[in-house]
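Undergrad: Sharing a structure below in structure tokens format, with a few things to ask.
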Amino acid sequence: MGGRQVSAARRLLAEALDGPLSEAERVAAARSVVVELGSVERLPELVAELAAGEGDPEGNARLSYRHVLGFDKLLLLRDGSRHMLRAHVWHPGAGGPGAEDIHNHRCALASYVVRGRLAMELYAHEPGEADGPGEPEGPGEGHEPHGGGIPAARYQESLGPGRTADWRLEPVGPARLRLTHAGRYAAGSDYALPAHTLHRAWCDTDAPTVTLFLETGGERRLHTDVFTAAGPHPRTVPKVPLGVPEYLAALGSLAELLRDA
């Protein structure tokens, strides 16, 4: 089942992202998709259709939850495991057990700021004597041979079995990071990141921030890298998915936010 905007969004995802694309091409295509779907002409209608029960509310609710990084993660559309279009609702001052974490992703991503403002930092991993095992990953070039940078604990994050796929964190060891970029993204801004890019983001206003977020790519990494200076993490962090009534109510609240934007 799908309304006019749901069907049009599915077509756009397939036309722009299916096929043999390099990562750079996929990142650029994903960025163009979120800009188009995040526009005031399209996103409010798309969310309103989904809030009315179009699409796959039961399947989407199972993959929607409050993320440990401090935002509501609402799945809007998905194409199997290839493309997942989500709305992220960031609340001022909200946090969780991983709110300060620096991390990367399983696949390329793109995001469009629909309302509010998001702050984001990018980091490079600095290998050295105090670093745990593993290959350096990050967006920057060049590394200091020993010391320097920001001390952090490194974890390897993977998804557990089952429908909700809880987060599992395996300690790797101490590490150091280097800040490579800090910026603020106001409504109308967009960005895209390759899978390995280390970053963290948070709501930078006293009102909710909404972003349209797209994960894309048929081949996804089996794990991500998580770095934290906030103290030890539990080995397993449960995901608590929304029920269908909660999911539809969250979409209704999102539709109101978009009307007020």
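Labeling convention for the structure tokens: chains A, B, ... as they appear, residues from 1 per chain, ligands from 1 in order of appearance.
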Taking 6 positions as the minimum chain separation for residues in the same chain, which residues sit within 10 Å of A:Ile102 when counting only C-alpha atoms? Answer as a list of chain:residue names.
TA: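 Listing them by chain and then by number gives A:Leu69, A:Glu121, A:Leu122, A:Tyr123, A:Ala152, A:Arg154, A:Leu177, A:Thr197, A:Leu198, A:His199, A:Arg200, A:Ala201, A:Asp225, A:Val226, A:Phe227, A:Thr228, A:Ala229.
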Undergrad: Could you pull out the strand (DSSP E) residues of stretch 10-195 of chain A, going by DSSP on the backbone, and write them as a ChimeraX atom specification?
TA: /A:65-66,71-79,83-90,102-103,108-115,117-126,150-159,167-186,190-193
Undergrad: Between atom CA of A:Gln5 and atom CA of A:Ala28, what is the distance in Å, rounded to a tenth?
TA: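 Pair atom CA of A:Gln5 / atom CA of A:Ala28 returns 22.5 Å.
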Undergrad: Let me make sure I understand: among A:Pro232, A:Pro194, A:Gly70, A:Pro92, which one has the smallest atom-to-atom distance to A:Thr216 if we use only C-alpha atoms?
TA: A:Pro194
Undergrad: Go through A:Glu36, A:Asp166, A:Glu215, A:Glu45 and flag the residue nearest A:Val113, using only C-alpha atoms for the distances.
TA: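 The shortest atom-to-atom distance to A:Val113 comes from A:Glu36.
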Undergrad: Give me the residues near A:Arg62 as a PyMOL selection string, where near means some atom within 9 Å (using only C-alpha atoms) and where sequence neighbours in that chain fewer than 5 positions away do not count.
TA: chain A and resi 57+75+163-164+240-244+247
Undergrad: Go ahead and write the residues just picked, N, CA, C and O atoms, as a PDB file, in the first residue's frame.
TA:
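Printed below is part00.pdb as written:
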```
ATOM      1  N   PRO A  57       3.394   0.428   7.916  1.00  0.00           N
ATOM      2  CA  PRO A  57       3.519   0.905   9.298  1.00  0.00           C
ATOM      3  C   PRO A  57       4.010  -0.156  10.272  1.00  0.00           C
ATOM      4  O   PRO A  57       4.797   0.154  11.176  1.00  0.00           O
ATOM      5  N   LEU A  75      11.666   5.238  10.817  1.00  0.00           N
ATOM      6  CA  LEU A  75      11.837   4.725   9.460  1.00  0.00           C
ATOM      7  C   LEU A  75      10.638   5.137   8.608  1.00  0.00           C
ATOM      8  O   LEU A  75       9.487   4.931   8.995  1.00  0.00           O
ATOM      9  N   ARG A 163      14.829  -9.718  15.603  1.00  0.00           N
ATOM     10  CA  ARG A 163      14.163  -8.700  14.796  1.00  0.00           C
ATOM     11  C   ARG A 163      14.588  -7.289  15.181  1.00  0.00           C
ATOM     12  O   ARG A 163      14.645  -6.397  14.353  1.00  0.00           O
ATOM     13  N   THR A 164      14.876  -7.067  16.471  1.00  0.00           N
ATOM     14  CA  THR A 164      15.264  -5.724  16.882  1.00  0.00           C
ATOM     15  C   THR A 164      16.753  -5.472  16.740  1.00  0.00           C
ATOM     16  O   THR A 164      17.178  -4.323  16.646  1.00  0.00           O
ATOM     17  N   VAL A 240      14.510  -0.636  21.792  1.00  0.00           N
ATOM     18  CA  VAL A 240      13.101  -0.778  22.170  1.00  0.00           C
ATOM     19  C   VAL A 240      12.268  -0.209  21.019  1.00  0.00           C
ATOM     20  O   VAL A 240      12.071   1.008  20.927  1.00  0.00           O
ATOM     21  N   PRO A 241      11.795  -1.067  20.125  1.00  0.00           N
ATOM     22  CA  PRO A 241      11.070  -0.561  18.954  1.00  0.00           C
ATOM     23  C   PRO A 241       9.714   0.015  19.345  1.00  0.00           C
ATOM     24  O   PRO A 241       9.127  -0.343  20.378  1.00  0.00           O
ATOM     25  N   LEU A 242       9.203   0.897  18.507  1.00  0.00           N
ATOM     26  CA  LEU A 242       7.885   1.467  18.712  1.00  0.00           C
ATOM     27  C   LEU A 242       6.808   0.478  18.290  1.00  0.00           C
ATOM     28  O   LEU A 242       6.984  -0.288  17.336  1.00  0.00           O
ATOM     29  N   GLY A 243       5.678   0.499  18.983  1.00  0.00           N
ATOM     30  CA  GLY A 243       4.504  -0.188  18.485  1.00  0.00           C
ATOM     31  C   GLY A 243       3.882   0.627  17.362  1.00  0.00           C
ATOM     32  O   GLY A 243       4.200   1.808  17.172  1.00  0.00           O
ATOM     33  N   VAL A 244       2.982   0.002  16.613  1.00  0.00           N
ATOM     34  CA  VAL A 244       2.365   0.711  15.488  1.00  0.00           C
ATOM     35  C   VAL A 244       1.640   1.975  15.939  1.00  0.00           C
ATOM     36  O   VAL A 244       1.809   3.040  15.323  1.00  0.00           O
ATOM     37  N   TYR A 247       4.233   4.568  16.679  1.00  0.00           N
ATOM     38  CA  TYR A 247       4.903   4.992  15.445  1.00  0.00           C
ATOM     39  C   TYR A 247       4.034   5.983  14.674  1.00  0.00           C
ATOM     40  O   TYR A 247       4.518   7.051  14.252  1.00  0.00           O
TER      41      TYR A 247
END
```
Undergrad: Give the answer as one residue: which of A:Ala16, A:Ala153, A:Val89, A:Asp190 has the shortest atom-to-atom distance to A:His67, using only C-alpha atoms?
TA: A:Val89
Undergrad: Restricting the calculation to only C-alpha atoms, which member of A:Arg31, A:His125, A:His233, A:Arg178 is positioned closest to A:Gly149?
TA: A:Arg178
Undergrad: Please determine, counting only C-alpha atoms, which residue among A:Gly93, A:Gly231, A:Gly53, A:Gly116 has the shortest atom-to-atom distance to A:Leu76.
TA: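 Closest residue, counting only C-alpha atoms: A:Gly53.
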Undergrad: For A:Pro245, please output as an MDAnalysis selection string all residues within 10 Å (counting only C-alpha atoms; exclusion window: fewer than 3 positions along the same chain).
TA: chainID A and resid 51 57:58 61 242 248:251
Undergrad: Using only C-alpha atoms, find the one residue out of A:Arg221, A:Arg117, A:Arg235, A:Arg168 that sits nearest to A:Asp206.
TA: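 Using only C-alpha atoms, the shortest distance to A:Asp206 belongs to A:Arg117.
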Undergrad: Pick out each residue of stretch 21-222 of chain A that DSSP on the backbone tags as helix (DSSP H, G or I); I need them as a PyMOL selection string.
TA: chain A and resi 23-37+43-51+57-62
